[in-house]
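**Student:** Quick one: the structure is below, questions incoming.
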Amino acid sequence: MASPVTGLPSPRLTARDTTAEAVAGIVQRPGRAVLTMLGTILGVGAFVAVLGLTATGAGQISHQFTVLEDTTVTVEDNGPASNVASPGTNPAIGFPADADAVADRIDGVTAAGVWWPVSLPSNASFTGSLALSGSASQTVGLLAASPGAVQAMGLSMVAGSPLTTYENDTRQHVAVIDTATAAELGISPARLPSHPAVFVDGIAYTVVGIYSSAQRVVSDESAMLIPENTALADYGNPEPGIGNQDEAQMVIATRTGAAQTVARQIAAAELPTDPSRLVVTSPPNPQNLQSEVSRDLAGLFLILALISLLIGAVGIANTTLVAVLERTEEIGLRRAVGARPRHIAAQFLAESTALGTLGGLIGTCIGVGVVVIFAAAKDWTSVLNPAYTLPAPLIGSVVGLLAGAYPALRAARTSPLAALRHA
Amino acid sequence: MAERLMTRPVIELRGLARTYPGPPPVPALRPADLVIADGDYVAVTGPSGSGKSTLLHLLGLLDAPTEGSYLIDGLDTSALNDRDRSALRGRRIGVVFQSFHLLPYRTALENVLLAELYNRTPGGARVRAAVDALDAVGLGHRLDALPTTLSGGESQRVAIARALVNRPSLVLCDEPTGNLDSRNATALMELLDQLNAAGYTIIVITHDPGVAAHASRTVAISDGVLSERGADHG
């Protein structure tokens, strides 16, 4: 577009030329460029690494959480609204006799059953039949459990078998114990075929199985499991009411993701006449947990990343300002050959933005590398959200742009005369 | 080079003056009138502090006068906005500085290309013009040399090539031999003579009578007062 006064086209600096000048300005002083970018590299790198590491960590947490917690629903018997039992006895448990089968019919349930801790006198003794000296400490819990409950507990058997429906229906005096209790009682897995027994306050229970670990209910404690109906016959009904620690409970193992749905249905299915007697506990939504963990961790580190970015911005601003002062002669020369103040500003702004972008790119690569290496070292799956990672170099661009604004303005205001005179 | 009409005025100063604001105000250039025709070769001489540089900056549109008017190719520059002044600087005026002002990290060719950066010359034509300009000053073989590897004479030739690359109406030289030894100075003045012979209008600002002797006209400046002296050889 020619000027109406001079007939000359107005000076122009194309985007391509601006970019070329910016790149030339950077590559001609590589050492300085790297030092200038350092803050941005650290800032963006920290940003990407923090988000990646927290996402990776939260992913790991939610992975463990999903397989164990998200598949568990607990139902507790809070007891009847009014005491219907005769004095000195407990009311019948809230769960129906076919509680296991009712729960099994709900879609998503893989195993379910009723259990409760059997209340024993405080001086009750556990004695093994095979070794007369073998007696267990009082920390062994005696648990009544339906076959479905035993299945839902997810026992890893080392010998024998878990409790069966037949044993429950016929009130057999059988028990399944954990390896620690077995060792204390002198019952080794190899001797199971000889039908060793455990005497609990004089009542003998034949050990039919030994388990090493469990997924639910008895995963953290030594326990001796006896059939539900046997317990009812030997010890009576458990005391209802949450808080007694002895109330009847139902443990339900579900398919992954089904816990919430099962939890909504189970009370009405088990006790249609009085569903409010049953208190259902379902796991917290894993996604909420994951995002909570992410928020807690990321919040702190993101502040650090922001501080790094701020330092990066100050670094770029400072270096660009020094460059403007150093290159006064160049500015004067450019003005002498036709550059307008806006061209000078554009050049310095492009240079600082390019430095920021380059710093952002390098920082992003380093951040991704840190996450991948860290995850690999931990044998975790690295999780990088593309929505945060891909635009990360742009953070550097923005930092460069903002940091270059003042120096560029100052460069544009440099009078060509003063620039050439001071050179 | 294109034939130029010797009679057409390239430059006209009408009562042009520059006073630097004080305190106290310094009248660096008192109201001056001067007409320089196309193809003229003018030397502006005077001692240090006489106002030579002030005149150069005004002529190069690097500074604005406080009084009077300055016409380039008949166009009054005092009424121009920054865009038009920049366009004139880029296309109609080539300046050769005493201290060369070459960008140290750019090659000779890149330094010359810089003068074409802002004037909308397409990329290919830019390089051709820059190579031609360097050829014209005898540096066609040193296109990729960095200023640090160039001698003083070569550096000043690069600066001249940069001033010439846009085929300006006026070539302004500020003490062009000031940083050169006598041999290089002589060679440089011969180059300026050739350029003038080829049609370029040249103004050389110098305090060296030997340099001034090459010009066809000599304008003296003393305490900011401009006065033409000597015969017009042209």
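Every chain in the structure tokens has a letter given in the order shown (A, B, ...), and although residue numbers restart at 1 in each chain, ligands are simply numbered from 1 in the order shown.
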Per residue of chain B within 6 Å of chain A, which atom pair is closest and at what distance in Å (one decimal), using only C-alpha atoms, listed by chain and increasing number, as JSON lines?
**Tutor:**
{"residue": "B:Leu62", "atom": "CA", "partner": "A:Leu417", "partner_atom": "CA", "distance": 5.5}
{"residue": "B:Ser86", "atom": "CA", "partner": "A:Gly338", "partner_atom": "CA", "distance": 4.5}
{"residue": "B:Ala87", "atom": "CA", "partner": "A:Pro11", "partner_atom": "CA", "distance": 5.4}
{"residue": "B:Arg89", "atom": "CA", "partner": "A:Gly338", "partner_atom": "CA", "distance": 5.1}
{"residue": "B:Gly90", "atom": "CA", "partner": "A:Gly338", "partner_atom": "CA", "distance": 3.8}
{"residue": "B:Ala115", "atom": "CA", "partner": "A:Val337", "partner_atom": "CA", "distance": 5.2}
{"residue": "B:Tyr118", "atom": "CA", "partner": "A:Arg12", "partner_atom": "CA", "distance": 4.9}
{"residue": "B:Asn119", "atom": "CA", "partner": "A:Pro11", "partner_atom": "CA", "distance": 5.1}
**Student:** Contacts of B:Met189 at 10 Å or less, counting only C-alpha atoms, minus same-chain residues fewer than 4 places along, as a ChimeraX atom specification?
**Tutor:** /B:176-177,184-185,193-195,210-215
**Student:** Measuring atom to atom with only C-alpha atoms, identify which of A:Val48, A:Leu278, A:Leu42, A:Val34 is nearest to A:Gly367.
**Tutor:**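 Of the candidates, the smallest distance to A:Gly367 is held by A:Val48.
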**Student:** Could you give me, as a tab-separated table, every stretch 372-397 of chain A residue with an atom at most 9 Å from stretch 363-366 of chain A, plus its closest atom pair and distance in Å to one decimal, counting only C-alpha atoms, rows ordered by chain then number?
**Tutor:**
residue	atom	partner	partner_atom	distance
A:Thr389	CA	A:Thr364	CA	7.1
A:Leu390	CA	A:Thr364	CA	8.3
A:Ala392	CA	A:Thr364	CA	6.3
A:Pro393	CA	A:Thr364	CA	6.3
A:Gly396	CA	A:Gly363	CA	8.6
**Student:** Can you write out the residues you just picked, keeping N, CA and C atoms, as a short mmCIF file (atom, residue, chain, number, x, y, z; two decimals), in the first residue's frame?
**Tutor:**
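Contents of the output file out-v1.cif:
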data_model
loop_
_atom_site.label_atom_id
_atom_site.label_comp_id
_atom_site.auth_asym_id
_atom_site.auth_seq_id
_atom_site.Cartn_x
_atom_site.Cartn_y
_atom_site.Cartn_z
N THR A 389 -0.49 -31.61 28.62
CA THR A 389 0.88 -31.77 28.15
C THR A 389 1.11 -31.10 26.81
N LEU A 390 0.21 -31.30 25.86
CA LEU A 390 0.43 -30.77 24.51
C LEU A 390 0.50 -29.24 24.49
N ALA A 392 1.52 -27.36 26.81
CA ALA A 392 2.49 -26.85 27.79
C ALA A 392 3.53 -25.91 27.18
N PRO A 393 4.06 -26.22 25.96
CA PRO A 393 5.03 -25.27 25.39
C PRO A 393 4.45 -23.87 25.23
N GLY A 396 5.26 -21.50 27.87
CA GLY A 396 6.53 -20.83 27.63
C GLY A 396 6.35 -19.64 26.69
#
**Student:** Would you mind reading off the distance between atom CA of B:Leu88 and atom CA of B:Asn166, one decimal, in Å?
**Tutor:**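 Going from atom CA of B:Leu88 over to atom CA of B:Asn166, I get 10.9 Å.
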**Student:** Report as a PyMOL selection string all protein, DNA and RNA residues lying within 6 Å of A:Gly404, evaluated on only C-alpha atoms, omitting residues in the same chain fewer than 3 positions from it.
**Tutor:** chain A and resi 317+349+352+400-401+407-408
**Student:** Just want the 7 Å neighbourhood of stretch 68-83 of chain B, counted on only C-alpha atoms, with same-chain residues fewer than 4 positions away dropped. Output as a short mmCIF file (atom, residue, chain, number, x, y, z; two decimals) with N, CA and C atoms, in the first residue's frame.
**Tutor:**
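New file part_3.cif:
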data_model
loop_
_atom_site.label_atom_id
_atom_site.label_comp_id
_atom_site.auth_asym_id
_atom_site.auth_seq_id
_atom_site.Cartn_x
_atom_site.Cartn_y
_atom_site.Cartn_z
N SER A 10 4.58 1.64 2.44
CA SER A 10 5.04 1.80 3.82
C SER A 10 5.91 0.61 4.21
N ARG A 340 10.24 0.74 11.36
CA ARG A 340 9.41 1.58 12.20
C ARG A 340 9.48 1.06 13.63
N PRO B 9 16.70 18.96 -8.49
CA PRO B 9 17.18 18.98 -7.11
C PRO B 9 16.74 17.72 -6.36
N VAL B 10 17.68 17.09 -5.71
CA VAL B 10 17.36 15.93 -4.86
C VAL B 10 17.03 16.43 -3.46
N ILE B 11 17.81 17.40 -3.02
CA ILE B 11 17.71 17.91 -1.67
C ILE B 11 17.52 19.42 -1.69
N GLU B 12 16.60 19.86 -0.88
CA GLU B 12 16.47 21.31 -0.70
C GLU B 12 16.29 21.60 0.78
N LEU B 13 17.18 22.47 1.30
CA LEU B 13 17.02 22.92 2.68
C LEU B 13 16.54 24.35 2.62
N ARG B 14 15.43 24.62 3.32
CA ARG B 14 14.92 26.00 3.34
C ARG B 14 14.84 26.47 4.79
N GLY B 15 15.84 27.23 5.17
CA GLY B 15 15.88 27.76 6.53
C GLY B 15 15.91 26.66 7.58
N LEU B 16 16.54 25.54 7.22
CA LEU B 16 16.55 24.38 8.12
C LEU B 16 17.43 24.66 9.34
N ALA B 17 16.88 24.45 10.53
CA ALA B 17 17.65 24.71 11.75
C ALA B 17 17.31 23.67 12.80
N ALA B 87 9.75 5.08 5.50
CA ALA B 87 9.79 4.61 4.12
C ALA B 87 10.85 5.36 3.33
#
**Student:** Excluding B:Asp144 and residues on its chain fewer than 4 positions from it, collect all residues at most 9 Å away from it, counting only C-alpha atoms, and give them as a PyMOL selection string.
**Tutor:** chain B and resi 106-110
**Student:** Those same residues - N, CA and C atoms - I'd like them written as a PDB file, in the first residue's frame.
**Tutor:**
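Result file is again-v2.pdb:
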ATOM      1  N   ARG B 106      26.257 -11.246  11.916  1.00  0.00           N
ATOM      2  CA  ARG B 106      25.718 -11.492  10.578  1.00  0.00           C
ATOM      3  C   ARG B 106      26.836 -11.401   9.548  1.00  0.00           C
ATOM      4  N   THR B 107      26.699 -12.205   8.498  1.00  0.00           N
ATOM      5  CA  THR B 107      27.704 -12.186   7.438  1.00  0.00           C
ATOM      6  C   THR B 107      27.583 -10.890   6.655  1.00  0.00           C
ATOM      7  N   ALA B 108      28.551 -10.660   5.786  1.00  0.00           N
ATOM      8  CA  ALA B 108      28.537  -9.462   4.947  1.00  0.00           C
ATOM      9  C   ALA B 108      27.227  -9.405   4.168  1.00  0.00           C
ATOM     10  N   LEU B 109      26.842 -10.540   3.579  1.00  0.00           N
ATOM     11  CA  LEU B 109      25.611 -10.582   2.783  1.00  0.00           C
ATOM     12  C   LEU B 109      24.395 -10.268   3.655  1.00  0.00           C
ATOM     13  N   GLU B 110      24.357 -10.879   4.852  1.00  0.00           N
ATOM     14  CA  GLU B 110      23.206 -10.660   5.744  1.00  0.00           C
ATOM     15  C   GLU B 110      23.134  -9.200   6.201  1.00  0.00           C
TER      16      GLU B 110
END
**Student:** Restricting the calculation to only C-alpha atoms: of B:Ala198, B:Leu103, B:Val127, B:Ala43, which residue gets closest to B:Leu172?
**Tutor:**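 Nearest candidate to B:Leu172 out of B:Ala198, B:Leu103, B:Val127, B:Ala43: B:Ala43.
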